[in-house]
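Trainee: As input, take model.txt (compact mmCIF, C-alpha atoms):
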```
# COMPACT_ATOMS: atom_id res chain seq x y z
CA PHE S 166 221.90 206.79 27.17
CA LEU S 167 221.33 210.14 28.92
CA THR S 168 221.51 211.85 25.56
CA LEU S 169 219.16 209.23 24.14
CA GLY S 170 216.72 209.77 26.99
CA TYR S 171 216.32 213.46 26.06
CA MET S 172 216.40 213.04 22.29
CA ARG S 173 213.85 215.43 20.84
CA ILE S 174 212.49 215.64 17.36
CA GLU S 175 210.49 218.78 16.51
CA GLY S 176 210.29 219.64 20.19
CA LYS S 177 209.00 216.22 21.31
CA ASN S 178 210.73 213.62 23.49
CA MET S 179 210.21 210.70 21.08
CA ILE S 180 211.85 207.96 23.13
CA ASN S 181 209.51 208.55 26.07
CA ASN S 182 206.62 207.63 23.79
CA LEU S 183 207.98 204.15 23.11
CA PRO S 184 206.15 201.22 24.78
CA ASP S 185 207.51 199.76 28.02
CA ASP S 186 208.61 196.45 26.48
CA LEU S 187 210.79 198.26 23.93
CA LEU S 188 212.40 200.43 26.62
CA VAL S 189 213.13 197.32 28.69
CA HIS S 190 214.72 195.74 25.60
CA ILE S 191 216.98 198.78 25.27
CA LEU S 192 218.07 198.58 28.92
CA LEU S 193 218.97 194.90 28.51
CA HIS S 194 221.89 196.01 26.34
CA VAL S 195 223.55 198.35 28.84
CA PRO S 196 225.38 197.61 32.14
CA ILE S 197 223.02 197.17 35.06
CA LYS S 198 224.36 200.22 36.91
CA ASP S 199 223.62 202.38 33.86
CA ALA S 200 220.18 200.83 33.50
CA VAL S 201 219.32 201.69 37.11
CA SER S 202 220.65 205.24 36.62
CA THR S 203 217.97 205.90 33.99
CA MET S 204 215.45 206.27 36.82
CA ILE S 205 216.64 209.91 37.23
CA LEU S 206 215.79 210.89 33.66
CA SER S 207 212.11 211.51 34.29
CA LYS S 208 208.99 210.08 35.92
CA ARG S 209 208.50 208.01 32.76
CA TRP S 210 211.81 206.19 33.40
CA ARG S 211 211.56 205.88 37.18
CA SER S 212 210.30 202.28 37.23
CA ILE S 213 211.36 200.96 33.82
CA TRP S 214 214.54 199.28 35.11
CA THR S 215 212.52 197.29 37.68
CA MET S 216 210.84 195.47 34.78
CA LEU S 217 214.13 193.88 33.66
CA PRO S 218 213.73 190.07 33.63
CA ALA S 219 217.37 189.51 34.64
CA LEU S 220 220.04 191.45 36.55
CA ASP S 221 223.72 190.78 35.83
CA TYR S 222 225.36 192.31 38.90
CA ASP S 223 229.15 192.26 39.28
CA ASP S 224 230.61 193.86 42.41
CA SER S 225 233.55 193.06 44.67
CA ASP S 226 231.64 194.45 47.66
CA ILE S 227 229.90 191.45 49.24
CA ASP S 228 226.52 192.50 50.58
CA GLY S 229 223.51 190.21 51.07
CA LYS S 230 221.03 193.14 51.09
CA TRP S 231 220.54 193.13 47.33
CA ILE S 232 219.71 189.41 47.47
CA ALA S 233 217.12 190.10 50.17
CA ASN S 234 215.71 192.88 48.01
CA ALA S 235 215.54 190.53 45.02
CA VAL S 236 213.62 188.00 47.11
CA TYR S 237 211.25 190.74 48.23
CA ARG S 238 210.64 191.63 44.58
CA LYS S 239 209.60 188.02 43.79
CA ILE S 240 212.76 186.90 41.97
CA ARG S 241 212.39 183.81 39.77
CA GLU S 242 215.99 183.01 38.83
CA LEU S 243 219.22 183.67 40.76
CA ILE S 244 222.79 182.82 39.72
CA PHE S 245 225.27 183.67 42.49
CA ILE S 246 228.96 183.06 41.83
CA LEU S 247 231.39 184.13 44.53
CA ASN S 248 234.65 184.63 42.68
CA TRP S 249 236.76 185.45 45.72
CA SER S 250 236.43 185.37 49.47
CA ALA S 251 238.77 184.60 52.35
CA LYS S 252 236.14 182.33 53.88
CA PRO S 253 232.69 181.02 52.96
CA ILE S 254 229.91 183.59 53.39
CA ASN S 255 226.28 183.11 54.39
CA LEU S 256 223.38 184.27 52.26
CA PRO S 257 220.20 185.81 53.72
CA ASN S 258 217.84 183.28 55.30
CA SER S 259 215.02 184.75 53.24
CA LEU S 260 216.57 183.22 50.12
CA TYR S 261 215.69 179.74 51.38
CA THR S 262 212.03 180.65 51.86
CA CYS S 263 211.46 182.40 48.53
CA ASP S 264 208.18 181.08 47.12
CA THR S 265 208.73 182.48 43.59
CA LEU S 266 212.24 181.15 42.96
CA VAL S 267 212.28 178.69 40.04
CA SER S 268 216.01 178.35 39.33
CA LEU S 269 218.90 178.73 41.81
CA VAL S 270 222.63 178.46 41.08
CA LEU S 271 225.12 178.78 43.97
CA SER S 272 228.80 178.53 43.17
CA LYS S 273 232.11 178.54 45.05
CA LYS S 274 232.68 179.86 48.61
CA ILE S 275 229.07 180.06 49.70
CA ASN S 276 228.14 178.57 53.07
CA VAL S 277 224.77 176.84 52.86
CA GLU S 278 223.33 177.05 56.36
CA ILE S 279 219.69 176.27 57.01
CA VAL S 280 218.85 177.90 60.36
CA THR S 281 215.06 177.96 60.12
CA PRO S 282 212.93 175.51 58.08
CA ALA S 283 213.48 176.19 54.39
CA CYS S 284 210.67 176.28 51.85
CA LEU S 285 211.23 176.63 48.11
CA PRO S 286 207.88 175.47 46.68
CA SER S 287 208.49 176.67 43.10
CA LEU S 288 212.11 175.59 42.65
CA THR S 289 212.62 173.17 39.74
CA ARG S 290 216.35 173.62 39.05
CA LEU S 291 219.13 173.69 41.66
CA TRP S 292 222.89 173.86 41.02
CA LEU S 293 225.32 173.53 43.94
CA LEU S 294 228.81 174.04 42.53
CA SER S 295 231.66 173.61 45.03
CA VAL S 296 229.69 175.18 47.85
CA VAL S 297 230.24 174.50 51.58
CA PHE S 298 227.55 173.19 53.90
CA LYS S 299 227.42 174.04 57.58
CA ASP S 300 226.67 170.36 58.21
CA GLU S 301 224.80 167.41 56.72
CA ASP S 302 221.53 168.66 58.26
CA SER S 303 221.80 171.80 56.12
CA LEU S 304 222.07 169.66 52.99
CA VAL S 305 219.06 167.58 54.00
CA GLY S 306 217.13 170.71 54.98
CA LEU S 307 217.79 172.38 51.62
CA LEU S 308 216.87 169.39 49.44
CA SER S 309 213.78 168.55 51.47
CA SER S 310 212.53 172.13 51.00
CA CYS S 311 212.18 171.63 47.24
CA PRO S 312 209.06 169.47 46.73
CA ILE S 313 208.89 169.83 42.92
CA LEU S 314 212.63 169.90 42.11
CA ARG S 315 213.28 168.33 38.70
CA ASN S 316 216.97 169.00 38.02
CA LEU S 317 219.86 168.81 40.50
CA TYR S 318 223.49 169.51 39.51
CA VAL S 319 226.12 168.99 42.21
CA VAL S 320 229.89 169.51 42.12
CA ARG S 321 231.54 168.62 45.41
CA ARG S 322 234.95 169.38 46.82
CA ASN S 323 236.84 167.85 49.73
CA GLU S 324 236.00 170.53 52.29
CA ASP S 325 232.22 170.69 51.88
CA ASN S 326 231.53 169.25 55.39
CA VAL S 327 229.39 166.39 54.04
CA THR S 328 230.35 162.73 54.35
CA ASN S 329 227.10 161.04 53.36
CA PHE S 330 225.40 162.82 50.46
CA ASN S 331 221.73 161.81 50.46
CA VAL S 332 219.54 162.76 47.49
CA LYS S 333 215.96 162.15 48.57
CA ILE S 334 213.76 164.10 46.16
CA TYR S 335 210.55 162.49 45.01
CA PHE S 336 209.99 164.23 41.65
CA LEU S 337 213.64 164.51 40.60
CA GLU S 338 214.16 163.67 36.91
CA THR S 339 217.79 164.57 36.23
CA LEU S 340 220.78 164.26 38.56
CA VAL S 341 224.34 165.34 37.75
CA TYR S 342 226.74 164.50 40.57
CA VAL S 343 230.49 165.19 40.37
CA ASN S 344 232.66 164.42 43.36
CA GLU S 345 236.16 165.79 42.88
CA TYR S 346 239.08 163.46 43.39
CA LYS S 347 240.25 162.90 46.95
CA GLU S 348 243.89 161.97 47.53
CA ASP S 349 242.99 159.61 50.35
CA PHE S 350 240.12 157.93 48.46
CA GLU S 351 241.24 154.43 49.53
CA ASP S 352 240.31 155.33 53.11
CA SER S 353 237.01 156.97 52.17
CA ASN S 354 233.99 156.06 54.28
CA GLY S 355 231.49 158.39 52.61
CA SER S 356 228.52 157.56 50.44
CA LEU S 357 226.15 158.74 47.75
CA VAL S 358 222.60 157.54 48.31
CA ILE S 359 219.86 158.24 45.76
CA ASN S 360 216.20 157.91 46.63
CA SER S 361 214.25 159.47 43.76
CA PRO S 362 211.64 157.17 42.20
CA THR S 363 210.99 159.37 39.14
CA LEU S 364 214.68 159.72 38.19
CA LYS S 365 215.24 159.22 34.46
CA THR S 366 218.74 160.61 33.83
CA ALA S 367 221.74 160.14 36.14
CA ILE S 368 225.29 161.36 35.50
CA ILE S 369 227.59 160.16 38.28
CA CYS S 370 231.30 160.99 38.22
CA ASP S 371 232.89 160.02 41.54
CA TYR S 372 236.56 159.13 41.91
CA SER S 373 236.57 159.54 45.69
CA GLY S 374 236.00 155.90 46.57
CA ASP S 375 232.67 156.68 48.29
CA SER S 376 230.03 153.95 48.13
CA PHE S 377 227.17 154.37 45.67
CA LEU S 378 223.64 153.16 46.37
CA ILE S 379 220.23 153.60 44.74
CA GLU S 380 217.56 152.91 47.36
CA ASN S 381 214.30 153.35 45.47
CA LYS S 382 212.90 151.54 42.45
CA CYS S 383 213.62 154.09 39.76
CA PHE S 384 213.96 152.95 36.17
CA LEU S 385 216.56 155.06 34.42
CA ASP S 386 216.50 155.92 30.71
CA LYS S 387 219.95 157.51 30.52
CA ALA S 388 222.96 157.09 32.77
CA SER S 389 226.63 158.01 32.86
CA ILE S 390 228.40 156.13 35.64
CA LYS S 391 232.09 156.78 36.26
CA VAL S 392 233.19 155.53 39.63
CA LEU S 393 236.27 153.83 41.08
CA ASN S 394 234.41 151.83 43.68
CA HIS S 395 232.37 148.63 43.50
CA LEU S 396 228.68 148.96 42.68
CA GLY S 397 226.10 147.25 44.84
CA ASP S 398 224.09 144.33 43.46
CA ASP S 399 220.86 146.32 43.72
CA ILE S 400 221.94 148.72 41.00
CA ARG S 401 221.43 145.99 38.37
CA ILE S 402 217.67 146.34 38.74
CA PHE S 403 217.68 150.06 38.14
CA ILE S 404 219.98 150.23 35.10
CA SER S 405 218.67 147.20 33.21
CA SER S 406 216.01 149.43 31.59
CA LEU S 407 218.53 151.96 30.24
CA ILE S 408 218.26 153.28 26.70
CA ARG S 409 221.62 155.11 26.79
CA LEU S 410 224.63 154.25 28.94
CA ASP S 411 228.03 155.90 29.36
CA VAL S 412 230.27 153.83 31.63
CA LEU S 413 233.81 153.92 32.96
CA LEU S 414 234.92 150.31 32.55
CA ASN S 415 237.36 149.18 35.23
CA ASN S 416 237.90 146.33 37.66
CA PRO S 417 235.35 147.55 40.25
CA THR S 418 232.51 148.07 37.73
CA VAL S 419 232.99 145.31 35.18
CA GLY S 420 231.51 142.61 37.41
CA CYS S 421 228.25 144.54 37.58
CA PHE S 422 227.87 145.66 33.98
CA THR S 423 228.79 142.36 32.30
CA THR S 424 226.07 140.43 34.19
CA ILE S 425 223.15 142.62 33.12
CA ASN S 426 220.84 141.98 30.19
CA PHE S 427 220.37 145.44 28.64
CA SER S 428 217.24 144.55 26.71
CA GLN S 429 216.34 148.19 25.87
CA LEU S 430 219.80 149.69 25.35
CA ILE S 431 220.22 151.60 22.07
CA GLU S 432 223.39 153.65 22.69
CA ARG S 433 226.49 152.70 24.69
CA ARG S 434 229.71 154.63 25.30
CA ILE S 435 232.55 152.94 27.14
CA GLN S 436 235.70 154.47 28.60
CA PRO S 437 238.31 151.87 29.62
CA TYR S 438 240.38 152.81 32.65
CA GLU S 439 243.57 150.84 33.44
CA PHE S 440 241.85 147.64 32.41
CA ASP S 441 242.04 144.78 29.89
CA TRP S 442 238.74 145.77 28.32
CA LEU S 443 238.24 144.02 24.98
CA LYS S 444 236.64 140.81 26.29
CA PRO S 445 234.28 142.65 28.70
CA LEU S 446 233.33 144.99 25.82
CA MET S 447 232.20 142.06 23.69
CA ILE S 448 230.18 140.69 26.62
CA LEU S 449 228.46 144.06 26.94
CA VAL S 450 227.73 144.04 23.21
CA GLN S 451 226.45 140.46 23.45
CA ASN S 452 224.08 141.51 26.26
CA SER S 453 222.63 144.44 24.28
CA PRO S 454 220.55 142.95 21.44
CA LYS S 455 219.00 146.32 20.36
CA LEU S 456 222.25 148.32 20.36
CA LYS S 457 222.43 150.82 17.48
CA VAL S 458 225.29 153.09 18.56
CA LEU S 459 228.63 151.92 19.99
CA LEU S 460 231.15 154.58 21.07
CA ILE S 461 234.63 153.74 22.40
CA ASP S 462 236.74 156.42 24.10
CA VAL S 463 240.20 155.32 25.27
CA MET S 464 241.42 158.84 26.09
CA ASP S 465 242.27 157.91 29.70
CA GLN S 466 243.62 154.43 28.98
CA ASP S 467 247.41 154.13 29.34
CA ASP S 468 248.83 153.34 25.90
CA ASP S 469 251.24 150.83 27.46
CA PHE S 470 248.54 148.95 29.38
CA PRO S 471 248.30 145.35 28.02
CA ILE S 472 245.05 144.24 26.39
CA SER S 473 244.04 140.89 24.90
CA TRP S 474 241.65 139.83 22.14
CA HIS S 475 239.50 136.71 22.28
CA HIS S 476 237.41 135.86 19.24
CA PRO S 477 233.76 135.59 20.39
CA GLY S 478 232.13 132.18 20.18
CA SER S 479 229.06 133.63 18.45
CA VAL S 480 228.27 136.90 16.71
CA PRO S 481 226.27 139.27 18.96
CA LYS S 482 222.70 139.77 17.77
CA CYS S 483 223.01 143.57 17.63
CA LEU S 484 225.80 143.33 15.03
CA LEU S 485 223.63 141.19 12.78
CA THR S 486 220.44 143.23 13.08
CA ASN S 487 220.83 146.70 14.64
CA LEU S 488 224.26 148.35 14.95
CA GLU S 489 224.32 151.45 12.72
CA ILE S 490 227.01 153.72 14.19
CA PHE S 491 230.47 152.75 15.41
CA GLU S 492 232.92 155.38 16.69
CA TRP S 493 236.36 155.05 18.25
CA LYS S 494 238.15 157.96 19.86
CA GLU S 495 241.95 157.70 20.29
CA TYR S 496 242.47 154.53 18.27
CA GLY S 497 246.04 153.33 18.80
CA GLY S 498 246.46 150.67 16.11
CA LYS S 499 247.57 147.82 18.40
CA PHE S 500 247.13 144.31 17.02
CA GLU S 501 244.31 143.62 19.46
CA GLU S 502 242.56 146.88 18.57
CA LYS S 503 242.80 146.08 14.86
CA GLU S 504 241.25 142.68 15.49
CA LEU S 505 238.26 144.30 17.19
CA VAL S 506 237.73 146.74 14.30
CA LYS S 507 238.02 143.87 11.79
CA TYR S 508 235.41 141.93 13.72
CA ILE S 509 233.00 144.89 13.85
CA PHE S 510 233.40 145.60 10.12
CA ALA S 511 233.08 141.93 9.14
CA ASN S 512 229.90 141.24 11.12
CA SER S 513 227.89 144.49 11.28
CA ARG S 514 225.34 144.07 8.51
CA CYS S 515 223.45 147.33 9.21
CA LEU S 516 226.44 149.62 9.79
CA LYS S 517 225.88 153.07 8.24
CA ARG S 518 228.70 155.13 9.77
CA ALA S 519 232.12 154.39 11.23
CA ALA S 520 234.27 157.22 12.59
CA ILE S 521 237.74 156.54 13.96
CA SER S 522 240.09 159.19 15.37
CA ILE S 523 243.77 158.31 15.49
CA ARG S 524 245.59 158.59 18.81
CA SER S 525 247.59 161.81 18.87
CA LYS S 526 250.76 159.99 19.88
CA CYS S 527 250.61 157.97 16.63
CA ILE S 528 250.11 161.14 14.60
CA LEU S 529 253.16 162.79 16.15
CA GLU S 530 255.19 159.66 15.39
CA GLY S 531 254.18 159.75 11.72
CA LYS S 532 252.11 156.54 11.78
CA GLU S 533 248.79 158.07 10.77
CA LYS S 534 248.87 157.29 7.02
CA THR S 535 249.82 153.65 7.53
CA MET S 536 247.07 153.18 10.14
CA VAL S 537 244.44 154.79 7.92
CA ASP S 538 245.44 152.58 4.98
CA GLU S 539 245.13 149.47 7.19
CA LEU S 540 241.65 150.50 8.30
CA LYS S 541 240.50 151.22 4.74
CA SER S 542 241.68 147.82 3.55
CA MET S 543 239.70 145.88 6.15
CA PRO S 544 236.85 143.84 4.59
CA ARG S 545 233.36 145.09 5.39
CA ILE S 546 230.11 143.17 5.19
CA SER S 547 228.19 146.45 4.87
CA GLU S 548 229.64 148.37 1.94
CA SER S 549 227.08 151.15 2.32
CA HIS S 550 228.56 152.70 5.46
CA ALA S 551 230.70 155.82 5.41
CA LEU S 552 234.18 155.40 6.88
CA MET S 553 235.58 158.57 8.45
CA PHE S 554 238.98 159.31 9.97
CA GLU S 555 239.65 162.25 12.23
CA THR S 556 242.94 163.80 13.27
CA VAL S 557 242.74 164.63 16.97
CA ILE S 558 245.75 166.21 18.65
CA ASP S 559 246.21 165.70 22.39
CA TRP S 560 248.20 168.74 23.57
CA ARG S 561 249.50 166.73 26.51
CA ASP S 562 251.55 164.64 24.07
CA ILE S 563 252.96 167.76 22.44
CA TYR S 564 253.95 169.15 25.82
CA ARG S 565 255.67 165.90 26.82
CA LYS S 566 257.52 165.44 23.52
CA GLY S 567 258.24 169.09 22.82
CA PHE S 568 257.06 171.04 19.77
CA ASN S 569 258.50 169.85 16.47
CA ALA S 570 257.61 171.95 13.44
CA ALA S 571 258.28 168.99 11.17
CA THR S 572 255.16 167.25 12.50
CA TRP S 573 252.85 170.03 11.29
```
Please express what this file holds, its structure, as structure tokens.
Mentor:
Amino acid sequence: FLTLGYMRIEGKNMINNLPDDLLVHILLHVPIKDAVSTMILSKRWRSIWTMLPALDYDDSDIDGKWIANAVYRKIRELIFILNWSAKPINLPNSLYTCDTLVSLVLSKKINVEIVTPACLPSLTRLWLLSVVFKDEDSLVGLLSSCPILRNLYVVRRNEDNVTNFNVKIYFLETLVYVNEYKEDFEDSNGSLVINSPTLKTAIICDYSGDSFLIENKCFLDKASIKVLNHLGDDIRIFISSLIRLDVLLNNPTVGCFTTINFSQLIERRIQPYEFDWLKPLMILVQNSPKLKVLLIDVMDQDDDFPISWHHPGSVPKCLLTNLEIFEWKEYGGKFEEKELVKYIFANSRCLKRAAISIRSKCILEGKEKTMVDELKSMPRISESHALMFETVIDWRDIYRKGFNAATW
């Protein structure tokens, strides 16, 4: 770039005559240290690098001064990932009072400590990925400092110093909350409490055993709820208006989800977990009269876990009038599973697409062709739908059984 900076044609420095936006575009394609070094080329280049909309800075020397400088220069977006540190480090207090910051991502061994009142009036997106909090007051102080926050993405780990995770953000629209598995989850006394009346999308993945409570009267459009603990009765009110639902179906959650009338639900994805799930599935289908998309994913269901099929007393309304897409991931070909597929095919008058992926264990055992032939021979009330079969290999099965070239 130094050579480029002094390129002359017929005695003229042509590159210096280019407009600022084009020079900035050029600097976006070189390492940040090289971009900054261009300031020594000439007066023309002295301030060009400061116009860069984003700085990708990678340095093993941990120093909060450059963050303070970025805040001083009215930074709008900051992604800070601490790849290695012996212990959590603190960031400058000025970061938590930056009035221009719109998007903030903090990841790994960062200690979130709110010493003075925080104020982030422009922040709309906040990601907290495996960070550590000084205490629960620091969490509350950070979230309460974001009056217009719309998107919150949280990944927690065991040592984050927070027992009760309270999300009280008035204008929040999207919440992604992942609580990593705790070995002693049966003795957990923690909680997740949501108080965000404008919340529309919630993705909750919590295998810790913490309690889960929605305090306010939000009416969700989309939700993914994967928990191993019982859901409170109040949650029925807030998820009855869902349009899309992704749910981990197990003993703790089935009592809640099978007693709700999902009058607006269009798309449902279920993931059985160590559970006899066929009868509850049909109850869920029966309670969803507008359902158009039904997705079944049994990836985490033990293949040896017993399941039972009970022929429904009446055909669910959605099968007769609405269901258009039916997908099954990791179909195992058990008798009970075949009966469910037969029932769906025989009663879904509006079905346009059916996609079934064969369980990898069956493929490795050479059963795939027979299973596909059985599925193709099943009678269908809707002959217009496309029937697709996918070969999906689970590498965990290959590792357990050992590689056999004859299977490929």
Trainee: Which of these, S:Leu446, S:Val332, S:Ile461, S:Ala200, has the shortest distance to S:Val305 once you count all atoms listed in the file?
Mentor: S:Val332
Trainee: When you look at stretch 333-345 of chain S with a cut-off of 9 Å (counting all atoms listed in the file), what residues show up, excluding the ones that are within fewer than 4 positions of it in the same chain? I need them as a PDB file with C-alpha atoms, keeping the file's coordinate frame.
Mentor:
```pdb
ATOM      1  CA  THR S 289     212.620 173.170  39.740  1.00  0.00           C
ATOM      2  CA  VAL S 305     219.060 167.580  54.000  1.00  0.00           C
ATOM      3  CA  LEU S 308     216.870 169.390  49.440  1.00  0.00           C
ATOM      4  CA  SER S 309     213.780 168.550  51.470  1.00  0.00           C
ATOM      5  CA  CYS S 311     212.180 171.630  47.240  1.00  0.00           C
ATOM      6  CA  PRO S 312     209.060 169.470  46.730  1.00  0.00           C
ATOM      7  CA  ILE S 313     208.890 169.830  42.920  1.00  0.00           C
ATOM      8  CA  LEU S 314     212.630 169.900  42.110  1.00  0.00           C
ATOM      9  CA  ARG S 315     213.280 168.330  38.700  1.00  0.00           C
ATOM     10  CA  ASN S 316     216.970 169.000  38.020  1.00  0.00           C
ATOM     11  CA  LEU S 317     219.860 168.810  40.500  1.00  0.00           C
ATOM     12  CA  TYR S 318     223.490 169.510  39.510  1.00  0.00           C
ATOM     13  CA  VAL S 319     226.120 168.990  42.210  1.00  0.00           C
ATOM     14  CA  VAL S 320     229.890 169.510  42.120  1.00  0.00           C
ATOM     15  CA  ARG S 321     231.540 168.620  45.410  1.00  0.00           C
ATOM     16  CA  ARG S 322     234.950 169.380  46.820  1.00  0.00           C
ATOM     17  CA  ASN S 323     236.840 167.850  49.730  1.00  0.00           C
ATOM     18  CA  VAL S 358     222.600 157.540  48.310  1.00  0.00           C
ATOM     19  CA  ILE S 359     219.860 158.240  45.760  1.00  0.00           C
ATOM     20  CA  ASN S 360     216.200 157.910  46.630  1.00  0.00           C
ATOM     21  CA  SER S 361     214.250 159.470  43.760  1.00  0.00           C
ATOM     22  CA  PRO S 362     211.640 157.170  42.200  1.00  0.00           C
ATOM     23  CA  THR S 363     210.990 159.370  39.140  1.00  0.00           C
ATOM     24  CA  LEU S 364     214.680 159.720  38.190  1.00  0.00           C
ATOM     25  CA  LYS S 365     215.240 159.220  34.460  1.00  0.00           C
ATOM     26  CA  THR S 366     218.740 160.610  33.830  1.00  0.00           C
ATOM     27  CA  ALA S 367     221.740 160.140  36.140  1.00  0.00           C
ATOM     28  CA  ILE S 368     225.290 161.360  35.500  1.00  0.00           C
ATOM     29  CA  ILE S 369     227.590 160.160  38.280  1.00  0.00           C
ATOM     30  CA  CYS S 370     231.300 160.990  38.220  1.00  0.00           C
ATOM     31  CA  ASP S 371     232.890 160.020  41.540  1.00  0.00           C
ATOM     32  CA  TYR S 372     236.560 159.130  41.910  1.00  0.00           C
ATOM     33  CA  SER S 373     236.570 159.540  45.690  1.00  0.00           C
TER      34      SER S 373
END
```
Trainee: Which neighbours of S:Lys532 fall inside 12 Å, counting only C-alpha atoms, when residues of the same chain fewer than 4 positions from it are skipped, and could you give them as a VMD selection string?
Mentor: chain S and resid 496 to 499 523 to 528 536 to 539 556 572
Trainee: If we count all atoms listed in the file, what is near S:Cys483 at a cut-off of 12 Å, once residues fewer than 5 positions away on the same chain are taken out, given as a list in words?
Mentor: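 The contact residues come out as Phe427, Ser428, Gln429, Leu430, Ile431, Glu432, Met447, Ile448, Leu449, Val450, Gln451, Asn452, Ser453, Pro454, Lys455, Leu456, Lys457, Val458, Leu459, Leu488, Glu489, Ile490, Ile509, Asn512, Ser513, Arg514, Cys515 and Leu516 of chain S.
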Trainee: Expressed in Å to a single decimal, how great is the separation between atom CA of S:Asp325 and atom CA of S:Gly374?
Mentor: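 Spanning atom CA of S:Asp325 to atom CA of S:Gly374 is a straight-line distance of 16.2 Å.
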Trainee: Can you measure atom CA of S:Arg238 to atom CA of S:Gly306 for me? One decimal in Å is fine.
Mentor: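 One can read the atom CA of S:Arg238 to atom CA of S:Gly306 distance as 24.2 Å.
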Trainee: Of the residues S:Ala519, S:Leu410, S:Met553, S:Leu307, which is the one nearest to S:Thr281, using all atoms listed in the file?
Mentor: S:Leu307
Trainee: Could you tell me how far atom CA of S:Asp411 sits from atom CA of S:Asp399, in Å to one decimal place?
Mentor: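 Between atom CA of S:Asp399 and atom CA of S:Asp411 the gap is 18.7 Å.
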Trainee: As JSON, please report the centre and edge lengths, rounded to one decimal in Å, of the axis-aligned box that holds all listed atoms of stretch 444-453 of chain S with 6 Å of padding on each of the six sides.
Mentor:
```
{"center_x": 229.6, "center_y": 142.7, "center_z": 26.0, "size_x": 26.0, "size_y": 16.5, "size_z": 17.5}
```
Trainee: Determine, counting all atoms listed in the file, which protein, DNA and RNA residues have an atom within 8 Å of an atom of stretch 376-378 of chain S; residues of the same chain fewer than 4 positions away are not included. Present the result as a list of chain:residue names.
Mentor: S:Asn354, S:Gly355, S:Ser356, S:Leu357, S:Val358, S:Ile359, S:Asn394, S:His395, S:Leu396, S:Gly397, S:Asp399, S:Ile400
